[in-house]
>>> print(open('final_29.txt').read())   # compact mmCIF, C-alpha atoms
# COMPACT_ATOMS: atom_id res chain seq x y z
CA MET P 1 101.69 90.81 90.49
CA ASP P 2 103.63 87.64 90.85
CA GLY P 3 103.00 84.07 89.78
CA PRO P 4 103.24 81.67 86.92
CA PHE P 5 100.76 83.50 84.72
CA ILE P 6 103.07 86.35 83.79
CA LEU P 7 105.92 84.00 82.90
CA LYS P 8 106.29 83.01 79.25
CA ILE P 9 108.43 79.99 78.56
CA ALA P 10 109.72 79.23 75.07
CA ILE P 11 110.73 75.64 74.47
CA LEU P 12 113.24 75.84 71.65
CA GLY P 13 113.51 72.73 69.54
CA GLY P 14 110.37 71.80 71.40
CA THR P 15 108.92 69.32 68.93
CA GLY P 16 111.01 66.32 70.00
CA LYS P 17 110.26 64.18 73.06
CA GLU P 18 111.61 66.15 76.03
CA GLY P 19 110.17 69.51 74.94
CA PRO P 20 106.51 68.47 74.75
CA GLY P 21 106.94 66.58 78.04
CA LEU P 22 108.05 69.72 79.85
CA ALA P 23 105.44 71.83 78.01
CA LEU P 24 102.70 69.49 79.15
CA ARG P 25 103.57 69.84 82.83
CA TRP P 26 104.14 73.57 82.73
CA ALA P 27 101.06 74.39 80.69
CA ASN P 28 99.05 72.16 83.03
CA ALA P 29 100.39 74.27 85.92
CA GLY P 30 99.27 77.49 84.20
CA TYR P 31 102.50 78.78 82.69
CA GLY P 32 102.41 80.43 79.28
CA ILE P 33 104.13 78.15 76.80
CA ILE P 34 105.50 78.73 73.31
CA ILE P 35 106.70 75.72 71.37
CA GLY P 36 109.61 76.67 69.11
CA SER P 37 110.83 74.81 66.06
CA ARG P 38 112.88 75.46 62.95
CA GLN P 39 109.59 75.14 61.07
CA GLU P 40 106.71 77.28 62.31
CA GLU P 41 104.17 74.80 60.97
CA LYS P 42 105.66 71.93 62.95
CA ALA P 43 105.72 74.07 66.10
CA GLN P 44 102.05 74.91 65.64
CA ARG P 45 101.13 71.28 65.07
CA VAL P 46 102.85 70.18 68.30
CA ALA P 47 101.34 73.13 70.21
CA LYS P 48 97.91 72.07 68.97
CA GLU P 49 98.50 68.48 70.11
CA ILE P 50 99.41 69.58 73.63
CA ASN P 51 96.51 72.05 73.76
CA GLU P 52 94.12 69.24 72.83
CA LYS P 53 95.64 66.87 75.38
CA LEU P 54 95.06 69.45 78.13
CA SER P 55 91.80 70.84 76.68
CA ILE P 56 93.27 74.32 76.58
CA GLY P 57 94.18 76.72 73.80
CA SER P 58 96.93 78.87 75.25
CA ILE P 59 100.03 77.09 73.96
CA GLN P 60 101.46 78.81 70.89
CA GLY P 61 103.74 77.47 68.16
CA MET P 62 106.38 79.68 66.55
CA GLU P 63 109.65 79.53 64.67
CA ASN P 64 112.50 79.27 67.24
CA ARG P 65 113.63 82.90 66.86
CA GLU P 66 110.18 84.33 67.31
CA ALA P 67 109.51 81.98 70.22
CA ALA P 68 112.68 83.18 71.99
CA GLN P 69 111.79 86.83 71.40
CA ASN P 70 108.39 86.38 73.02
CA ALA P 71 109.55 84.59 76.18
CA ASN P 72 111.24 85.48 79.47
CA ILE P 73 112.79 82.07 79.89
CA CYS P 74 113.97 79.89 77.00
CA VAL P 75 114.41 76.17 77.43
CA LEU P 76 116.64 74.44 74.90
CA THR P 77 115.61 70.87 74.06
CA VAL P 78 117.22 70.30 70.64
CA VAL P 79 119.11 67.11 69.82
CA TYR P 80 122.67 67.50 71.03
CA THR P 81 124.13 67.56 67.52
CA ALA P 82 122.20 70.82 66.86
CA HIS P 83 123.22 72.43 70.17
CA GLU P 84 125.95 74.82 69.09
CA THR P 85 124.29 75.83 65.81
CA ILE P 86 121.03 76.97 67.37
CA LEU P 87 122.89 78.90 70.08
CA GLN P 88 124.95 80.73 67.46
CA ASP P 89 121.78 81.46 65.48
CA LEU P 90 119.77 82.81 68.42
CA LYS P 91 122.57 84.50 70.34
CA ASP P 92 121.21 88.01 69.70
CA VAL P 93 117.60 87.36 70.73
CA LEU P 94 118.61 85.45 73.86
CA GLN P 95 120.47 88.41 75.40
CA GLY P 96 118.99 89.46 78.74
CA LYS P 97 117.11 86.19 79.20
CA ILE P 98 117.62 82.95 81.08
CA LEU P 99 118.53 80.02 78.85
CA VAL P 100 117.81 76.63 80.39
CA ASP P 101 120.03 74.08 78.68
CA THR P 102 118.76 70.49 78.94
CA THR P 103 121.44 69.09 76.64
CA ALA P 104 123.26 65.86 77.44
CA ARG P 105 125.65 64.98 74.65
CA VAL P 106 124.86 61.30 74.70
CA ASP P 107 124.29 59.05 71.72
CA PHE P 108 121.36 56.76 72.45
CA ARG P 109 122.94 53.84 70.58
CA ASN P 110 126.31 54.20 72.27
CA PRO P 111 125.74 56.02 75.55
CA GLU P 112 129.07 57.15 76.99
CA PRO P 113 129.69 59.99 79.48
CA PRO P 114 130.85 62.96 77.38
CA SER P 115 134.08 64.88 77.95
CA GLU P 116 134.49 68.30 79.53
CA PRO P 117 133.56 71.08 79.14
CA SER P 118 129.86 70.57 79.83
CA ALA P 119 127.38 71.45 77.08
CA ALA P 120 126.08 74.23 79.31
CA ARG P 121 129.57 75.73 79.72
CA THR P 122 129.88 75.76 75.92
CA ALA P 123 126.47 77.45 75.72
CA GLN P 124 127.55 80.14 78.20
CA GLU P 125 130.72 80.75 76.19
CA ILE P 126 128.81 81.06 72.91
CA LEU P 127 126.12 83.35 74.38
CA GLY P 128 128.37 85.54 76.51
CA PRO P 129 127.68 87.12 79.92
CA GLY P 130 124.42 88.79 78.79
CA VAL P 131 122.60 85.46 78.96
CA LYS P 132 122.17 83.54 82.21
CA VAL P 133 122.67 79.91 81.31
CA VAL P 134 121.19 77.31 83.65
CA ALA P 135 121.69 73.58 83.03
CA ALA P 136 118.81 71.36 84.15
CA PHE P 137 116.44 68.50 83.27
CA GLN P 138 119.12 66.32 81.58
CA ASN P 139 118.15 63.34 83.74
CA VAL P 140 114.40 63.73 83.50
CA PRO P 141 113.14 61.21 80.95
CA ALA P 142 110.51 62.39 78.48
CA HIS P 143 108.45 59.26 79.16
CA ALA P 144 108.24 60.08 82.84
CA LEU P 145 107.18 63.68 82.15
CA ARG P 146 104.22 62.50 80.08
CA GLN P 147 102.90 60.04 82.67
CA ASN P 148 100.49 61.16 85.42
CA ILE P 149 101.17 64.82 84.82
CA ASN P 150 99.28 65.91 87.91
CA ASP P 151 101.46 63.83 90.21
CA PRO P 152 104.88 64.81 91.50
CA LEU P 153 107.64 63.31 89.38
CA GLU P 154 109.46 60.40 90.97
CA MET P 155 112.87 61.78 89.95
CA ASP P 156 114.75 64.92 90.92
CA VAL P 157 116.25 67.68 88.82
CA LEU P 158 119.85 68.82 89.27
CA VAL P 159 120.23 72.53 88.51
CA PHE P 160 123.56 74.13 87.63
CA SER P 161 124.40 77.77 86.98
CA ASP P 162 127.17 80.24 87.64
CA ASP P 163 124.37 82.60 88.65
CA GLU P 164 122.55 81.26 91.69
CA GLU P 165 119.64 83.66 91.34
CA SER P 166 118.85 82.32 87.87
CA ALA P 167 119.24 78.78 89.19
CA ASP P 168 116.65 79.62 91.85
CA GLU P 169 114.19 80.74 89.16
CA VAL P 170 114.64 77.44 87.36
CA ILE P 171 114.23 75.51 90.62
CA LYS P 172 110.89 77.29 91.06
CA LEU P 173 109.98 76.45 87.46
CA ALA P 174 110.78 72.77 88.07
CA GLU P 175 108.67 72.84 91.22
CA GLY P 176 105.87 74.44 89.20
CA GLY P 177 105.91 71.29 87.06
CA SER P 178 105.76 69.08 90.18
CA MET P 179 109.45 68.24 90.11
CA ARG P 180 111.83 68.49 93.04
CA ALA P 181 115.02 70.34 92.11
CA PHE P 182 118.40 70.86 93.78
CA TYR P 183 121.03 73.48 93.06
CA ALA P 184 124.17 71.47 92.33
CA GLY P 185 126.81 74.11 91.55
CA GLY P 186 128.29 75.98 88.60
CA LEU P 187 127.99 75.10 84.90
CA ASP P 188 131.19 73.03 84.79
CA ARG P 189 129.59 70.53 87.13
CA ALA P 190 126.78 69.87 84.68
CA ILE P 191 129.17 67.35 83.13
CA VAL P 192 128.05 65.00 85.93
CA ALA P 193 124.40 65.24 84.85
CA GLU P 194 125.43 64.53 81.26
CA GLY P 195 127.38 61.48 82.39
CA LEU P 196 124.43 60.33 84.47
CA SER P 197 122.27 60.50 81.34
CA ALA P 198 124.60 58.03 79.65
CA LEU P 199 124.39 55.67 82.64
CA LEU P 200 120.60 55.94 82.82
CA ILE P 201 120.12 55.29 79.09
CA ASP P 202 122.21 52.17 79.52
CA MET P 203 120.25 51.05 82.58
CA ASN P 204 116.98 51.66 80.75
CA LYS P 205 118.15 49.27 78.04
CA ARG P 206 119.40 46.70 80.53
CA PHE P 207 116.24 46.72 82.64
CA GLU P 208 113.81 47.33 79.78
CA SER P 209 112.60 50.68 81.03
CA THR P 210 112.21 54.15 79.53
CA THR P 211 111.88 56.15 82.72
CA GLY P 212 115.16 55.73 84.60
CA GLY P 213 116.10 58.76 86.66
CA ILE P 214 117.66 59.67 89.99
CA ARG P 215 116.36 60.86 93.28
CA ILE P 216 118.48 62.62 95.89
CA THR P 217 118.17 60.84 99.25
CA GLY P 218 119.38 61.50 102.77
CA ILE P 219 118.97 65.28 102.39
CA LYS P 220 115.99 67.17 103.78
CA LYS P 221 115.07 70.08 101.55
CA MET F 1 128.94 25.05 100.21
CA ASP F 2 127.85 28.48 99.24
CA GLY F 3 126.99 31.61 101.19
CA PRO F 4 128.42 34.55 102.99
CA PHE F 5 130.28 32.55 105.61
CA ILE F 6 133.01 31.34 103.31
CA LEU F 7 133.66 34.82 101.90
CA LYS F 8 136.42 36.83 103.55
CA ILE F 9 136.41 40.53 102.89
CA ALA F 10 139.43 42.67 103.65
CA ILE F 11 138.74 46.37 104.04
CA LEU F 12 142.04 48.02 103.19
CA GLY F 13 142.56 51.40 104.79
CA GLY F 14 139.55 50.36 106.81
CA THR F 15 140.09 52.57 109.85
CA GLY F 16 138.58 55.74 108.37
CA LYS F 17 134.85 56.43 108.15
CA GLU F 18 133.65 54.50 105.09
CA GLY F 19 135.53 51.29 105.92
CA PRO F 20 134.03 50.67 109.37
CA GLY F 21 130.59 51.59 107.99
CA LEU F 22 130.79 48.87 105.34
CA ALA F 23 132.37 46.44 107.84
CA LEU F 24 129.50 46.98 110.25
CA ARG F 25 126.84 46.06 107.68
CA TRP F 26 128.72 43.11 106.25
CA ALA F 27 129.76 41.64 109.59
CA ASN F 28 126.18 42.07 110.77
CA ALA F 29 125.08 40.04 107.72
CA GLY F 30 127.52 37.25 108.60
CA TYR F 31 130.43 37.94 106.25
CA GLY F 32 133.97 37.38 107.51
CA ILE F 33 135.66 40.75 107.82
CA ILE F 34 139.29 41.78 108.16
CA ILE F 35 140.04 45.43 108.86
CA GLY F 36 143.31 46.44 107.21
CA SER F 37 145.49 49.41 108.12
CA ARG F 38 149.05 50.57 107.68
CA GLN F 39 149.41 49.93 111.42
CA GLU F 40 148.34 46.53 112.69
CA GLU F 41 147.55 47.94 116.12
CA LYS F 42 145.16 50.53 114.72
CA ALA F 43 143.44 47.87 112.59
CA GLN F 44 142.96 45.69 115.68
CA ARG F 45 141.59 48.59 117.70
CA VAL F 46 138.98 49.40 115.04
CA ALA F 47 138.14 45.69 114.60
CA LYS F 48 137.58 45.48 118.37
CA GLU F 49 135.28 48.52 118.32
CA ILE F 50 133.09 47.02 115.57
CA ASN F 51 133.06 43.61 117.29
CA GLU F 52 131.86 45.27 120.48
CA LYS F 53 129.21 47.26 118.67
CA LEU F 54 127.81 44.05 117.16
CA SER F 55 128.52 41.86 120.22
CA ILE F 56 130.59 39.50 118.08
CA GLY F 57 134.25 38.57 117.99
CA SER F 58 134.87 37.50 114.42
CA ILE F 59 136.24 40.71 112.90
CA GLN F 60 140.01 40.66 112.68
CA GLY F 61 142.49 43.52 112.39
CA MET F 62 145.68 43.16 110.33
CA GLU F 63 148.28 45.19 108.51
CA ASN F 64 146.96 45.94 104.98
CA ARG F 65 149.20 43.40 103.21
CA GLU F 66 148.30 40.57 105.54
CA ALA F 67 144.63 41.52 105.36
CA ALA F 68 144.70 41.36 101.55
CA GLN F 69 146.47 37.99 101.60
CA ASN F 70 143.76 36.48 103.81
CA ALA F 71 140.75 37.69 101.82
CA ASN F 72 138.92 36.74 98.61
CA ILE F 73 137.62 40.23 98.02
CA CYS F 74 139.50 43.38 98.97
CA VAL F 75 137.70 46.67 99.39
CA LEU F 76 139.83 49.79 99.18
CA THR F 77 138.67 52.67 101.40
CA VAL F 78 141.84 54.76 101.80
CA VAL F 79 141.79 58.54 101.45
CA TYR F 80 142.13 59.40 97.78
CA THR F 81 145.59 60.91 98.18
CA ALA F 82 146.89 57.46 99.22
CA HIS F 83 145.12 55.60 96.40
CA GLU F 84 147.97 54.99 93.97
CA THR F 85 150.61 54.31 96.63
CA ILE F 86 148.71 51.50 98.35
CA LEU F 87 147.87 49.90 94.99
CA GLN F 88 151.55 49.91 94.00
CA ASP F 89 152.47 48.47 97.40
CA LEU F 90 149.92 45.65 97.35
CA LYS F 91 149.93 44.86 93.62
CA ASP F 92 151.54 41.44 94.15
CA VAL F 93 149.18 40.17 96.88
CA LEU F 94 146.06 41.40 95.07
CA GLN F 95 146.67 39.23 92.00
CA GLY F 96 143.80 36.79 91.38
CA LYS F 97 141.40 38.68 93.62
CA ILE F 98 138.60 41.19 93.18
CA LEU F 99 139.53 44.70 94.23
CA VAL F 100 136.55 46.91 95.03
CA ASP F 101 137.64 50.52 94.66
CA THR F 102 135.46 53.01 96.56
CA THR F 103 137.69 55.98 95.75
CA ALA F 104 136.22 59.33 94.71
CA ARG F 105 139.00 61.86 94.24
CA VAL F 106 137.13 64.69 95.87
CA ASP F 107 138.48 67.20 98.36
CA PHE F 108 135.92 67.72 101.10
CA ARG F 109 136.78 71.43 101.43
CA ASN F 110 136.62 72.10 97.69
CA PRO F 111 134.45 69.39 96.14
CA GLU F 112 134.84 69.44 92.35
CA PRO F 113 134.15 66.59 89.90
CA PRO F 114 137.58 65.07 89.13
CA SER F 115 139.00 64.62 85.63
CA GLU F 116 139.25 61.42 83.62
CA PRO F 117 140.47 58.74 83.86
CA SER F 118 138.45 57.42 86.79
CA ALA F 119 140.30 56.35 89.92
CA ALA F 120 139.18 52.78 89.22
CA ARG F 121 140.64 52.88 85.69
CA THR F 122 143.95 54.00 87.21
CA ALA F 123 143.69 51.15 89.72
CA GLN F 124 143.13 48.62 86.93
CA GLU F 125 146.13 49.99 85.04
CA ILE F 126 148.39 49.78 88.10
CA LEU F 127 147.25 46.28 89.07
CA GLY F 128 147.13 44.76 85.58
CA PRO F 129 144.71 42.19 84.14
CA GLY F 130 145.30 39.66 86.96
CA VAL F 131 143.13 41.70 89.31
CA LYS F 132 139.43 42.31 88.67
CA VAL F 133 138.79 45.90 89.63
CA VAL F 134 135.23 46.88 90.48
CA ALA F 135 134.30 50.48 91.34
CA ALA F 136 131.47 50.87 93.84
CA PHE F 137 130.19 52.57 97.02
CA GLN F 138 131.59 56.04 96.14
CA ASN F 139 128.18 57.63 96.74
CA VAL F 140 127.29 55.76 99.89
CA PRO F 141 127.92 58.09 102.82
CA ALA F 142 129.62 56.62 105.89
CA HIS F 143 127.04 58.24 108.16
CA ALA F 144 124.22 56.46 106.36
CA LEU F 145 125.99 53.09 106.62
CA ARG F 146 126.25 53.41 110.41
CA GLN F 147 122.58 54.27 110.96
CA ASN F 148 119.95 51.55 111.40
CA ILE F 149 122.24 48.83 110.13
CA ASN F 150 119.47 46.26 109.97
CA ASP F 151 117.38 48.36 107.61
CA PRO F 152 117.84 48.62 103.85
CA LEU F 153 119.90 51.65 102.92
CA GLU F 154 117.93 54.53 101.43
CA MET F 155 120.51 55.07 98.67
CA ASP F 156 121.66 52.89 95.79
CA VAL F 157 125.10 51.70 94.78
CA LEU F 158 126.42 52.13 91.23
CA VAL F 159 128.76 49.29 90.27
CA PHE F 160 131.31 49.57 87.46
CA SER F 161 133.68 46.96 86.09
CA ASP F 162 135.12 45.83 82.79
CA ASP F 163 134.34 42.31 84.04
CA GLU F 164 130.61 41.88 84.51
CA GLU F 165 130.95 38.66 86.47
CA SER F 166 133.02 40.42 89.12
CA ALA F 167 130.54 43.30 89.12
CA ASP F 168 127.80 40.74 89.84
CA GLU F 169 129.73 39.44 92.85
CA VAL F 170 129.97 42.97 94.22
CA ILE F 171 126.28 43.59 93.54
CA LYS F 172 125.56 40.51 95.69
CA LEU F 173 127.91 41.83 98.34
CA ALA F 174 126.09 45.18 98.38
CA GLU F 175 122.78 43.35 98.66
CA GLY F 176 124.22 41.34 101.53
CA GLY F 177 124.69 44.66 103.35
CA SER F 178 121.06 45.63 102.59
CA MET F 179 122.00 47.97 99.75
CA ARG F 180 120.43 47.98 96.30
CA ALA F 181 123.06 47.99 93.56
CA PHE F 182 123.02 48.54 89.79
CA TYR F 183 125.62 47.58 87.20
CA ALA F 184 126.42 50.85 85.44
CA GLY F 185 129.08 49.91 82.89
CA GLY F 186 132.85 49.73 82.54
CA LEU F 187 135.49 51.34 84.75
CA ASP F 188 135.77 54.53 82.67
CA ARG F 189 132.19 55.39 83.59
CA ALA F 190 133.03 55.41 87.28
CA ILE F 191 134.06 59.02 86.66
CA VAL F 192 130.34 59.82 86.92
CA ALA F 193 130.13 58.34 90.44
CA GLU F 194 133.19 60.36 91.44
CA GLY F 195 131.58 63.53 90.09
CA LEU F 196 128.35 62.71 91.92
CA SER F 197 130.34 62.47 95.15
CA ALA F 198 131.48 66.06 94.65
CA LEU F 199 127.89 67.21 94.06
CA LEU F 200 126.60 65.31 97.09
CA ILE F 201 129.30 66.66 99.42
CA ASP F 202 128.30 70.15 98.30
CA MET F 203 124.59 69.44 98.81
CA ASN F 204 125.30 68.02 102.25
CA LYS F 205 126.96 71.31 103.19
CA ARG F 206 124.17 73.40 101.66
CA PHE F 207 121.36 71.45 103.32
CA GLU F 208 123.22 70.66 106.55
CA SER F 209 123.20 66.93 106.06
CA THR F 210 125.81 64.18 106.18
CA THR F 211 123.88 61.44 104.43
CA GLY F 212 123.21 62.70 100.88
CA GLY F 213 123.07 59.92 98.32
CA ILE F 214 121.19 58.91 95.20
CA ARG F 215 118.49 56.44 94.41
CA ILE F 216 117.76 55.13 90.93
CA THR F 217 114.08 55.62 90.10
CA GLY F 218 111.81 54.62 87.24
CA ILE F 219 113.59 51.29 86.76
CA LYS F 220 112.25 48.03 88.11
CA LYS F 221 115.05 45.71 89.16
>>> encode(input="final_29.txt", output="structure tokens")
Amino acid sequence: MDGPFILKIAILGGTGKEGPGLALRWANAGYGIIIGSRQEEKAQRVAKEINEKLSIGSIQGMENREAAQNANICVLTVVYTAHETILQDLKDVLQGKILVDTTARVDFRNPEPPSEPSAARTAQEILGPGVKVVAAFQNVPAHALRQNINDPLEMDVLVFSDDEESADEVIKLAEGGSMRAFYAGGLDRAIVAEGLSALLIDMNKRFESTTGGIRITGIKK
Amino acid sequence: MDGPFILKIAILGGTGKEGPGLALRWANAGYGIIIGSRQEEKAQRVAKEINEKLSIGSIQGMENREAAQNANICVLTVVYTAHETILQDLKDVLQGKILVDTTARVDFRNPEPPSEPSAARTAQEILGPGVKVVAAFQNVPAHALRQNINDPLEMDVLVFSDDEESADEVIKLAEGGSMRAFYAGGLDRAIVAEGLSALLIDMNKRFESTTGGIRITGIKK
């Protein structure tokens, strides 16, 4: 049997803005979702909120470690200052899984493109070769994810991984949430998506928006 | 008197692919264009080709130095390996002008995001404070510029400069060529546009296209 229903996705640090946005779209598409948090109670509260929003009951809330253990794919949506710590903490339970790293190391108040190596390269180095790290969703604004969740997202997802097969799984996952996604190369290149996040945060401020993103044009997929 | 007709644009190293593409759109919109090249004869040949394509006669061809001397705005479209040399050579005649740097230091055969500082930051350092450097058009593919030149371009232009007034002039220039353009910050941030060029070249190869670009979405301009 194949399909979204056998896939469990844990959203680690999933009680912020980006995590619930992704959870909303994926749960709406029928994927099994676990919201992870440092505090189990907080995870369960956010899971309940999303369940109520969608009139379902399937989304679970767990402490990050338990969430990771119960999922096939883990999506990391912590604030960038917590990035390395959570990876060190969960290194053992992430082995054998795909880790989707959404991290852009950009300070909202002073958005500057960060320096190499990419956050995802650092993640791969911390986790070792037993985890397939895929960088994605850095340029997908939480506000856009929460709007019109049945409609295709107006912006595209750039997907980076040293392992193209894992990247393909994440491209399918993005498509499951009505997002168009493009493989854009190995993990080092994810630095471009992080830099783009800085530019988009700045443009959002300049043009009084919260949903700035990019779309790839001139390429037929 | 105000308007495009009093503005002279020199396209330095304008006999490649990107230069004639930009020249075509701007000449079509009524701007005065000078094609610059290391060889005057080559510049004149390319100028003649674009004139014939548009059934006009106003585009001139000159040696790079002369072209720069006769223009208000100079647009640099040399291959990236010639970037620093031409800036050193023309430093004196560029003083007091705007230099639009389109350079992305990306090798077509092995497209990787280049390292900091951005090409445009290097240009500003070579030329000194008497020249207003603006980075733009790195992600606008030559093939797209040459297609349907009366129609708005499908992709957007990111514009970087330490001097926002000069950036605004280049945004107007882009709009004159039916391109939508966004100010995206200071020259250091142009590294993101260079990195994007690497990603887009790779995507073009993967999806058998020549016109990959980006569009900013979710922001009303």
>>> residues_around(input="final_29.txt", residues="region 107-118 of chain F", least_positions_apart="5", cutoff="9 Å", atoms="all atoms listed in the file", output="ChimeraX atom specification")
/P:115-116,188-189,191-192 /F:80,123,187-192,194-202
>>> closest_residue(input="final_29.txt", among="P:Glu63, P:Glu52, P:Glu125, P:Glu154", to="chain F", atoms="all atoms listed in the file")
P:Glu154
>>> interface_residues(input="final_29.txt", of="chain F", to="chain P", cutoff="6 Å", atoms="all atoms listed in the file", output="ChimeraX atom specification")
/F:184,192,195,199,209,211-219
>>> residues_around(input="final_29.txt", residues="Leu24 (chain P)", least_positions_apart="5", cutoff="8 Å", atoms="only C-alpha atoms", output="compact mmCIF listing (two decimals) with C-alpha atoms, keeping the file's coordinate frame")
# COMPACT_ATOMS: atom_id res chain seq x y z
CA ILE P 50 99.41 69.58 73.63
CA LEU P 54 95.06 69.45 78.13
CA LEU P 145 107.18 63.68 82.15
CA ARG P 146 104.22 62.50 80.08
CA ILE P 149 101.17 64.82 84.82
>>> residues_around(input="final_29.txt", residues="Asp168 (chain F)", least_positions_apart="2", cutoff="12 Å", atoms="only C-alpha atoms", output="PyMOL selection string")
chain F and resi 98+100+132+134-136+158-166+170-175+181-185
>>> residues_around(input="final_29.txt", residues="region 26-41 of chain F", least_positions_apart="5", cutoff="6 Å", atoms="all atoms listed in the file", output="number ranges by chain")
F: 4-5, 8-14, 59-64, 67, 177
>>> residues_near_point(input="final_29.txt", point="(105.4, 67.2, 95.2)", cutoff="8 Å", atoms="all atoms listed in the file", output="list in words")
Asp151, Pro152, Leu153, Glu175, Ser178, Met179 and Arg180 of chain P
>>> atom_distance(input="final_29.txt", atom1="CA of Ile126 (chain F)", atom2="CA of Gln88 (chain F)")
6.7 Å
>>> build_atoms(input="final_29.txt", residues="region 117-123 of chain P", atoms="all heavy atoms", output="mmCIF file, keeping the file's coordinate frame")
data_model
loop_
_atom_site.group_PDB
_atom_site.id
_atom_site.type_symbol
_atom_site.label_atom_id
_atom_site.label_comp_id
_atom_site.auth_asym_id
_atom_site.auth_seq_id
_atom_site.Cartn_x
_atom_site.Cartn_y
_atom_site.Cartn_z
ATOM 1 N N PRO P 117 134.488 70.386 78.237
ATOM 2 C CA PRO P 117 133.560 71.080 79.140
ATOM 3 C C PRO P 117 132.122 70.623 78.949
ATOM 4 O O PRO P 117 131.796 70.026 77.925
ATOM 5 C CB PRO P 117 133.719 72.548 78.707
ATOM 6 C CG PRO P 117 134.046 72.479 77.253
ATOM 7 C CD PRO P 117 134.882 71.229 77.101
ATOM 8 N N SER P 118 131.278 70.922 79.926
ATOM 9 C CA SER P 118 129.860 70.570 79.830
ATOM 10 C C SER P 118 129.216 71.326 78.667
ATOM 11 O O SER P 118 129.687 72.399 78.262
ATOM 12 C CB SER P 118 129.158 70.936 81.133
ATOM 13 O OG SER P 118 129.130 72.345 81.306
ATOM 14 N N ALA P 119 128.132 70.779 78.146
ATOM 15 C CA ALA P 119 127.380 71.450 77.080
ATOM 16 C C ALA P 119 126.942 72.842 77.531
ATOM 17 O O ALA P 119 126.973 73.804 76.756
ATOM 18 C CB ALA P 119 126.162 70.615 76.696
ATOM 19 N N ALA P 120 126.563 72.953 78.797
ATOM 20 C CA ALA P 120 126.080 74.230 79.310
ATOM 21 C C ALA P 120 127.209 75.259 79.395
ATOM 22 O O ALA P 120 126.994 76.462 79.181
ATOM 23 C CB ALA P 120 125.439 74.041 80.677
ATOM 24 N N ARG P 121 128.423 74.803 79.722
ATOM 25 C CA ARG P 121 129.570 75.730 79.720
ATOM 26 C C ARG P 121 129.810 76.246 78.298
ATOM 27 O O ARG P 121 130.047 77.436 78.095
ATOM 28 C CB ARG P 121 130.816 75.011 80.277
ATOM 29 C CG ARG P 121 132.129 75.765 80.105
ATOM 30 C CD ARG P 121 132.143 77.119 80.804
ATOM 31 N NE ARG P 121 132.077 76.988 82.248
ATOM 32 C CZ ARG P 121 131.521 77.887 83.067
ATOM 33 N NH1 ARG P 121 130.981 78.994 82.578
ATOM 34 N NH2 ARG P 121 131.475 77.689 84.371
ATOM 35 N N THR P 122 129.728 75.345 77.318
ATOM 36 C CA THR P 122 129.880 75.760 75.920
ATOM 37 C C THR P 122 128.793 76.763 75.548
ATOM 38 O O THR P 122 129.067 77.774 74.893
ATOM 39 C CB THR P 122 129.803 74.515 74.996
ATOM 40 O OG1 THR P 122 130.837 73.611 75.385
ATOM 41 C CG2 THR P 122 129.984 74.889 73.531
ATOM 42 N N ALA P 123 127.570 76.517 75.987
ATOM 43 C CA ALA P 123 126.470 77.450 75.720
ATOM 44 C C ALA P 123 126.774 78.825 76.303
ATOM 45 O O ALA P 123 126.621 79.852 75.631
ATOM 46 C CB ALA P 123 125.171 76.905 76.315
#
